[in-house]
file run_7.cif (mmCIF, C-alpha atoms)
data_coords
#
loop_
_atom_site.label_atom_id
_atom_site.label_comp_id
_atom_site.auth_asym_id
_atom_site.auth_seq_id
_atom_site.Cartn_x
_atom_site.Cartn_y
_atom_site.Cartn_z
CA MET A 1192 -35.16 -0.81 1.88
CA GLN A 1193 -33.29 1.51 4.20
CA ILE A 1194 -29.74 0.83 5.41
CA ALA A 1195 -29.82 -0.12 9.10
CA LYS A 1196 -27.95 -2.32 11.58
CA ASP A 1197 -27.70 -6.00 10.63
CA ARG A 1198 -28.91 -5.54 7.06
CA ILE A 1199 -26.86 -6.83 4.15
CA VAL A 1200 -25.49 -3.93 2.10
CA THR A 1201 -23.70 -4.13 -1.23
CA ILE A 1202 -21.67 -1.19 -2.50
CA GLU A 1203 -19.36 -0.19 -5.33
CA TYR A 1204 -16.57 2.11 -4.24
CA THR A 1205 -13.32 3.78 -5.15
CA THR A 1206 -10.89 5.26 -2.65
CA THR A 1207 -8.21 7.71 -3.76
CA ASP A 1208 -5.46 9.74 -2.16
CA LYS A 1209 -5.11 13.53 -2.33
CA ASP A 1210 -3.52 13.22 -5.79
CA ASP A 1211 -6.47 11.16 -7.11
CA GLN A 1212 -4.35 8.00 -7.23
CA ILE A 1213 -6.56 4.96 -6.70
CA ILE A 1214 -5.92 3.17 -3.42
CA ASP A 1215 -8.71 0.60 -3.71
CA THR A 1216 -11.71 0.03 -5.95
CA THR A 1217 -14.38 -2.50 -6.76
CA ASP A 1218 -14.04 -1.72 -10.47
CA ASN A 1219 -13.52 -4.92 -12.45
CA ILE A 1220 -14.13 -7.14 -9.40
CA GLU A 1221 -17.13 -8.10 -7.32
CA ASN A 1222 -18.89 -5.39 -5.35
CA TYR A 1223 -18.32 -5.27 -1.60
CA THR A 1224 -21.08 -6.88 0.46
CA PHE A 1225 -21.15 -6.74 4.26
CA ILE A 1226 -23.39 -6.81 7.31
CA PHE A 1227 -24.04 -3.20 8.22
CA GLY A 1228 -23.24 -2.08 11.76
CA ARG A 1229 -20.54 -4.67 12.46
CA ASP A 1230 -17.39 -2.61 11.88
CA ALA A 1231 -16.84 -3.87 8.33
CA ILE A 1232 -16.18 -0.33 7.08
CA PHE A 1233 -14.83 2.92 8.48
CA LYS A 1234 -17.15 4.37 11.13
CA THR A 1235 -17.47 7.72 9.31
CA VAL A 1236 -18.55 5.93 6.11
CA GLU A 1237 -21.04 3.83 8.03
CA GLU A 1238 -22.50 6.96 9.63
CA ALA A 1239 -22.90 8.57 6.20
CA MET A 1240 -24.63 5.44 4.82
CA GLU A 1241 -27.09 4.83 7.65
CA GLY A 1242 -30.68 5.50 6.61
CA ARG A 1243 -29.84 5.67 2.90
CA TYR A 1244 -31.40 3.53 0.19
CA LYS A 1245 -30.34 1.55 -2.86
CA GLY A 1246 -28.93 3.94 -5.45
CA ALA A 1247 -27.54 6.44 -2.92
CA GLN A 1248 -24.25 8.03 -3.96
CA ILE A 1249 -21.90 9.18 -1.23
CA ASN A 1250 -18.66 11.16 -1.53
CA LEU A 1251 -16.54 11.62 1.57
CA THR A 1252 -13.09 12.83 2.55
CA LEU A 1253 -11.63 11.00 5.55
CA SER A 1254 -8.79 12.29 7.69
CA PRO A 1255 -6.10 9.82 8.75
CA GLU A 1256 -7.84 9.48 12.12
CA GLN A 1257 -11.08 8.47 10.36
CA ALA A 1258 -9.36 6.08 7.97
CA TYR A 1259 -6.13 4.11 8.46
CA GLY A 1260 -4.82 6.10 11.43
CA VAL A 1261 -1.94 8.49 11.91
CA ARG A 1262 1.62 7.28 11.55
CA ASP A 1263 3.09 6.17 14.85
CA GLU A 1264 6.86 6.58 14.94
CA SER A 1265 7.06 4.12 17.85
CA LEU A 1266 6.04 1.39 15.37
CA ILE A 1267 9.28 1.88 13.42
CA LYS A 1268 12.15 -0.21 14.79
CA GLN A 1269 15.71 -0.91 13.81
CA VAL A 1270 16.78 -4.48 14.48
CA PRO A 1271 19.99 -6.41 13.94
CA ARG A 1272 20.02 -7.99 10.50
CA GLN A 1273 20.47 -11.51 11.90
CA GLN A 1274 17.23 -11.12 13.90
CA VAL A 1275 15.17 -11.05 10.68
CA ARG A 1276 14.94 -14.66 9.56
CA VAL A 1277 14.40 -14.13 5.85
CA PRO A 1278 16.60 -15.59 3.11
CA ALA A 1279 19.12 -12.97 1.97
CA HIS A 1280 17.84 -13.08 -1.62
CA ASP A 1281 14.35 -12.02 -0.38
CA LEU A 1282 15.58 -9.12 1.75
CA GLU A 1283 14.64 -5.89 0.01
CA VAL A 1284 12.92 -2.63 0.86
CA GLY A 1285 9.17 -3.14 0.63
CA PHE A 1286 9.29 -6.83 1.62
CA LYS A 1287 6.33 -7.69 3.89
CA LEU A 1288 6.74 -9.71 7.08
CA ARG A 1289 4.34 -10.79 9.81
CA GLY A 1290 5.16 -9.99 13.41
CA ASN A 1291 3.34 -11.96 16.08
CA ASN A 1292 2.41 -10.89 19.58
CA ARG A 1293 0.04 -12.45 22.09
CA ASP A 1294 -3.15 -11.09 20.53
CA ASN A 1295 -2.67 -10.86 16.78
CA SER A 1296 -0.43 -10.91 13.77
CA THR A 1297 0.92 -7.53 12.65
CA PRO A 1298 1.97 -6.76 9.06
CA ILE A 1299 5.46 -5.26 8.98
CA THR A 1300 7.30 -3.67 6.03
CA ILE A 1301 11.06 -3.50 5.57
CA THR A 1302 11.80 0.18 4.92
CA ALA A 1303 15.61 0.24 4.97
CA ILE A 1304 18.49 -2.22 4.94
CA ASP A 1305 22.17 -1.72 5.66
CA ASP A 1306 25.00 -4.12 6.49
CA ASP A 1307 24.06 -4.59 10.15
CA VAL A 1308 20.56 -3.19 10.66
CA ILE A 1309 17.11 -3.56 9.10
CA THR A 1310 14.44 -0.94 9.64
CA LEU A 1311 10.94 -2.34 10.14
CA ASP A 1312 7.67 -0.36 10.03
CA ALA A 1313 4.52 -1.83 11.61
CA ASN A 1314 2.31 1.13 10.61
CA ASN A 1315 -0.47 0.41 8.14
CA PRO A 1316 1.02 1.35 4.75
CA LEU A 1317 -1.87 3.82 4.34
CA ALA A 1318 -1.49 5.40 7.79
CA GLY A 1319 -1.27 9.17 7.64
CA LEU A 1320 -3.21 9.50 4.38
CA THR A 1321 -6.30 11.63 3.87
CA ILE A 1322 -8.51 9.64 1.51
CA GLN A 1323 -11.53 10.30 -0.66
CA ILE A 1324 -14.25 7.68 -0.96
CA LYS A 1325 -16.86 7.60 -3.70
CA LEU A 1326 -19.45 4.89 -3.25
CA VAL A 1327 -22.81 3.81 -4.61
CA VAL A 1328 -25.27 1.64 -2.70
CA ILE A 1329 -26.08 -1.26 -5.03
CA ASP A 1330 -28.40 -3.27 -2.78
CA VAL A 1331 -29.87 -3.43 0.73
CA ARG A 1332 -31.65 -6.49 2.07
CA GLU A 1333 -32.57 -8.25 5.29
CA ALA A 1334 -29.98 -10.65 6.63
CA SER A 1335 -30.94 -14.25 7.30
CA GLU A 1336 -30.63 -15.72 10.78
CA ASP A 1337 -27.69 -17.83 9.54
CA GLU A 1338 -25.92 -14.74 8.18
CA LEU A 1339 -26.37 -12.88 11.45
CA ALA A 1340 -25.23 -15.87 13.51
CA THR A 1341 -22.16 -16.72 11.42
CA GLY A 1342 -21.25 -13.38 9.86
CA ILE A 1343 -21.00 -15.21 6.52
CA ILE A 1344 -23.03 -13.63 3.72
CA LEU A 1345 -24.93 -16.13 1.63
CA PRO A 1346 -25.86 -15.58 -2.02
CA ASN A 1347 -29.14 -13.74 -2.42
CA LYS A 1348 -31.93 -16.05 -3.56
CA GLY A 1349 -32.24 -15.84 -7.31
CA GLU A 1350 -28.65 -14.67 -7.77
CA LEU A 1351 -26.39 -16.78 -9.92
CA THR A 1352 -23.33 -18.10 -8.18
CA SER A 1353 -20.28 -19.85 -9.53
CA VAL A 1354 -18.65 -23.05 -8.39
CA ASP A 1355 -15.49 -24.85 -9.41
CA VAL A 1356 -16.36 -28.32 -10.68
CA GLU A 1357 -14.15 -30.74 -12.53
CA PHE A 1358 -15.87 -33.08 -15.01
CA GLY A 1359 -14.50 -36.11 -16.74
CA GLY A 1360 -11.50 -37.96 -15.94
#
call {"tool": "encode", "arguments": {"input": "run_7.cif", "output": "structure tokens"}}
result
Amino acid sequence: MQIAKDRIVTIEYTTTDKDDQIIDTTDNIENYTFIFGRDAIFKTVEEAMEGRYKGAQINLTLSPEQAYGVRDESLIKQVPRQQVRVPAHDLEVGFKLRGNNRDNSTPITITAIDDDVITLDANNPLAGLTIQIKLVVIDVREASEDELATGIILPNKGELTSVDVEFGG
């Protein structure tokens, strides 16, 4: 079956940076399954996958603009230390916070700390990186009406699934 809008697609993938350091991979975990054409993956990757079939292997290099975006210096702010309500023992470079605005919750990373000021960076940690993606299409199937309506992918009929069940007492 050919990859097209609103079909369920399962892939294995590995993304790396320019130095071949792994950024993300499905190795040793479940493959990634999504409804095609609903912005679940980078647009450039989706374009390369469209019309392909199970077994297709795709290798791409994505610029920052095609992947996690370019770094935006306006998203780096210095704030008074007392404005960051985090216990002192948790304050360290690399600590992740959540900033809230009217529309969403933004991940923020502490990038520097001094006596009076903390530097916060709301850029995606991978912003500015050129990445390589190697992927293999594992499966393509029609989506059910429920999957299309809810966006929740159900186990394929005949697939084994796991559940957590406690027996005994």
call {"tool": "closest_residue", "arguments": {"input": "run_7.cif", "among": "A:Asn1315, A:Ile1194, A:Ile1299, A:Val1275", "to": "Glu1238 (chain A)", "atoms": "only C-alpha atoms"}}
result
A:Ile1194
call {"tool": "atom_distance", "arguments": {"input": "run_7.cif", "atom1": "CA of Lys1325 (chain A)", "atom2": "CA of Asn1250 (chain A)"}}
result
4.5 Å
call {"tool": "residues_near_point", "arguments": {"input": "run_7.cif", "point": "(-28.1, -4.3, 11.2)", "cutoff": "6 Å", "atoms": "only C-alpha atoms", "output": "list in words"}}
result
Ala1195, Lys1196, Asp1197, Arg1198, Phe1227 and Gly1228 of chain A
call {"tool": "atom_distance", "arguments": {"input": "run_7.cif", "atom1": "CA of Val1284 (chain A)", "atom2": "CA of Ile1304 (chain A)"}}
result
6.9 Å
call {"tool": "closest_residue", "arguments": {"input": "run_7.cif", "among": "A:Ala1279, A:Val1270, A:Leu1251, A:Ala1340", "to": "Asp1208 (chain A)", "atoms": "only C-alpha atoms"}}
result
A:Leu1251
call {"tool": "atom_distance", "arguments": {"input": "run_7.cif", "atom1": "CA of Ile1344 (chain A)", "atom2": "CA of Gln1193 (chain A)"}}
result
18.3 Å
call {"tool": "closest_residue", "arguments": {"input": "run_7.cif", "among": "A:Gln1274, A:Ser1265, A:Thr1321, A:Thr1205", "to": "Tyr1223 (chain A)", "atoms": "only C-alpha atoms"}}
result
A:Thr1205
call {"tool": "residues_around", "arguments": {"input": "run_7.cif", "residues": "Ile1324 (chain A)", "least_positions_apart": "4", "cutoff": "10 Å", "atoms": "only C-alpha atoms", "output": "list in words"}}
result
Tyr1204, Thr1205, Thr1206, Thr1207, Asp1208, Ile1213, Ile1214, Asp1215, Thr1216, Val1236, Ile1249, Asn1250, Leu1251, Thr1252 and Leu1253 of chain A
call {"tool": "residues_near_point", "arguments": {"input": "run_7.cif", "point": "(17.8, -8.2, -0.1)", "cutoff": "12 Å", "atoms": "only C-alpha atoms", "output": "ChimeraX atom specification"}}
result
/A:1272,1275-1286,1301-1306,1309
call {"tool": "resolve_selection", "arguments": {"input": "run_7.cif", "expression": "the PyMOL selection byres ((chain A and resi 1261) around 12)", "output": "NGL selection string"}}
result
:A and (1253-1260 or 1262-1266 or 1314-1321)
call {"tool": "write_last_selection", "arguments": {"input": "run_7.cif", "atoms": "C-alpha atoms", "output": "tab-separated table (two decimals), in the coordinates of the input"}}
result
chain	number	residue	atom	x	y	z
A	1253	LEU	CA	-11.63	11.00	5.55
A	1254	SER	CA	-8.79	12.29	7.69
A	1255	PRO	CA	-6.10	9.82	8.75
A	1256	GLU	CA	-7.84	9.48	12.12
A	1257	GLN	CA	-11.08	8.47	10.36
A	1258	ALA	CA	-9.36	6.08	7.97
A	1259	TYR	CA	-6.13	4.11	8.46
A	1260	GLY	CA	-4.82	6.10	11.43
A	1262	ARG	CA	1.62	7.28	11.55
A	1263	ASP	CA	3.09	6.17	14.85
A	1264	GLU	CA	6.86	6.58	14.94
A	1265	SER	CA	7.06	4.12	17.85
A	1266	LEU	CA	6.04	1.39	15.37
A	1314	ASN	CA	2.31	1.13	10.61
A	1315	ASN	CA	-0.47	0.41	8.14
A	1316	PRO	CA	1.02	1.35	4.75
A	1317	LEU	CA	-1.87	3.82	4.34
A	1318	ALA	CA	-1.49	5.40	7.79
A	1319	GLY	CA	-1.27	9.17	7.64
A	1320	LEU	CA	-3.21	9.50	4.38
A	1321	THR	CA	-6.30	11.63	3.87
call {"tool": "closest_residue", "arguments": {"input": "run_7.cif", "among": "A:Ala1247, A:Ile1202, A:Ala1313, A:Ala1239", "to": "Asp1218 (chain A)", "atoms": "only C-alpha atoms"}}
result
A:Ile1202
call {"tool": "build_atoms", "arguments": {"input": "run_7.cif", "residues": "region 1255-1276 of chain A", "atoms": "N, CA and C atoms", "output": "PDB file, in the frame of the given file"}}
result
ATOM      1  N   PRO A1255      -6.787  11.038   8.313  1.00  0.00           N
ATOM      2  CA  PRO A1255      -6.100   9.820   8.750  1.00  0.00           C
ATOM      3  C   PRO A1255      -6.754   9.184   9.976  1.00  0.00           C
ATOM      4  N   GLU A1256      -7.200  10.007  10.917  1.00  0.00           N
ATOM      5  CA  GLU A1256      -7.840   9.480  12.120  1.00  0.00           C
ATOM      6  C   GLU A1256      -9.131   8.733  11.817  1.00  0.00           C
ATOM      7  N   GLN A1257      -9.821   9.123  10.751  1.00  0.00           N
ATOM      8  CA  GLN A1257     -11.080   8.470  10.360  1.00  0.00           C
ATOM      9  C   GLN A1257     -10.851   7.273   9.448  1.00  0.00           C
ATOM     10  N   ALA A1258      -9.637   7.136   8.945  1.00  0.00           N
ATOM     11  CA  ALA A1258      -9.360   6.080   7.970  1.00  0.00           C
ATOM     12  C   ALA A1258      -8.360   5.073   8.558  1.00  0.00           C
ATOM     13  N   TYR A1259      -7.127   5.114   8.088  1.00  0.00           N
ATOM     14  CA  TYR A1259      -6.130   4.110   8.460  1.00  0.00           C
ATOM     15  C   TYR A1259      -5.264   4.513   9.642  1.00  0.00           C
ATOM     16  N   GLY A1260      -5.562   5.647  10.258  1.00  0.00           N
ATOM     17  CA  GLY A1260      -4.820   6.100  11.430  1.00  0.00           C
ATOM     18  C   GLY A1260      -3.647   6.994  11.074  1.00  0.00           C
ATOM     19  N   VAL A1261      -3.116   7.637  12.090  1.00  0.00           N
ATOM     20  CA  VAL A1261      -1.940   8.490  11.910  1.00  0.00           C
ATOM     21  C   VAL A1261      -0.699   7.606  12.044  1.00  0.00           C
ATOM     22  N   ARG A1262       0.375   8.051  11.435  1.00  0.00           N
ATOM     23  CA  ARG A1262       1.620   7.280  11.550  1.00  0.00           C
ATOM     24  C   ARG A1262       2.123   7.371  12.983  1.00  0.00           C
ATOM     25  N   ASP A1263       2.573   6.265  13.487  1.00  0.00           N
ATOM     26  CA  ASP A1263       3.090   6.170  14.850  1.00  0.00           C
ATOM     27  C   ASP A1263       4.566   5.811  14.768  1.00  0.00           C
ATOM     28  N   GLU A1264       5.417   6.781  15.068  1.00  0.00           N
ATOM     29  CA  GLU A1264       6.860   6.580  14.940  1.00  0.00           C
ATOM     30  C   GLU A1264       7.373   5.473  15.875  1.00  0.00           C
ATOM     31  N   SER A1265       6.628   5.180  16.946  1.00  0.00           N
ATOM     32  CA  SER A1265       7.060   4.120  17.850  1.00  0.00           C
ATOM     33  C   SER A1265       6.912   2.728  17.214  1.00  0.00           C
ATOM     34  N   LEU A1266       6.207   2.656  16.082  1.00  0.00           N
ATOM     35  CA  LEU A1266       6.040   1.390  15.370  1.00  0.00           C
ATOM     36  C   LEU A1266       7.142   1.156  14.336  1.00  0.00           C
ATOM     37  N   ILE A1267       8.125   2.044  14.306  1.00  0.00           N
ATOM     38  CA  ILE A1267       9.280   1.880  13.420  1.00  0.00           C
ATOM     39  C   ILE A1267      10.464   1.480  14.294  1.00  0.00           C
ATOM     40  N   LYS A1268      11.049   0.338  13.978  1.00  0.00           N
ATOM     41  CA  LYS A1268      12.150  -0.210  14.790  1.00  0.00           C
ATOM     42  C   LYS A1268      13.326  -0.581  13.909  1.00  0.00           C
ATOM     43  N   GLN A1269      14.505  -0.409  14.464  1.00  0.00           N
ATOM     44  CA  GLN A1269      15.710  -0.910  13.810  1.00  0.00           C
ATOM     45  C   GLN A1269      16.152  -2.142  14.588  1.00  0.00           C
ATOM     46  N   VAL A1270      16.388  -3.222  13.842  1.00  0.00           N
ATOM     47  CA  VAL A1270      16.780  -4.480  14.480  1.00  0.00           C
ATOM     48  C   VAL A1270      18.036  -5.018  13.811  1.00  0.00           C
ATOM     49  N   PRO A1271      18.820  -5.798  14.552  1.00  0.00           N
ATOM     50  CA  PRO A1271      19.990  -6.410  13.940  1.00  0.00           C
ATOM     51  C   PRO A1271      19.564  -7.298  12.765  1.00  0.00           C
ATOM     52  N   ARG A1272      20.343  -7.247  11.721  1.00  0.00           N
ATOM     53  CA  ARG A1272      20.020  -7.990  10.500  1.00  0.00           C
ATOM     54  C   ARG A1272      19.795  -9.487  10.776  1.00  0.00           C
ATOM     55  N   GLN A1273      20.603 -10.083  11.633  1.00  0.00           N
ATOM     56  CA  GLN A1273      20.470 -11.510  11.900  1.00  0.00           C
ATOM     57  C   GLN A1273      19.168 -11.862  12.629  1.00  0.00           C
ATOM     58  N   GLN A1274      18.495 -10.866  13.202  1.00  0.00           N
ATOM     59  CA  GLN A1274      17.230 -11.120  13.900  1.00  0.00           C
ATOM     60  C   GLN A1274      16.073 -11.333  12.923  1.00  0.00           C
ATOM     61  N   VAL A1275      16.215 -10.882  11.696  1.00  0.00           N
ATOM     62  CA  VAL A1275      15.170 -11.050  10.680  1.00  0.00           C
ATOM     63  C   VAL A1275      15.490 -12.321   9.908  1.00  0.00           C
ATOM     64  N   ARG A1276      14.693 -13.338  10.159  1.00  0.00           N
ATOM     65  CA  ARG A1276      14.940 -14.660   9.560  1.00  0.00           C
ATOM     66  C   ARG A1276      14.270 -14.775   8.207  1.00  0.00           C
TER      67      ARG A1276
END
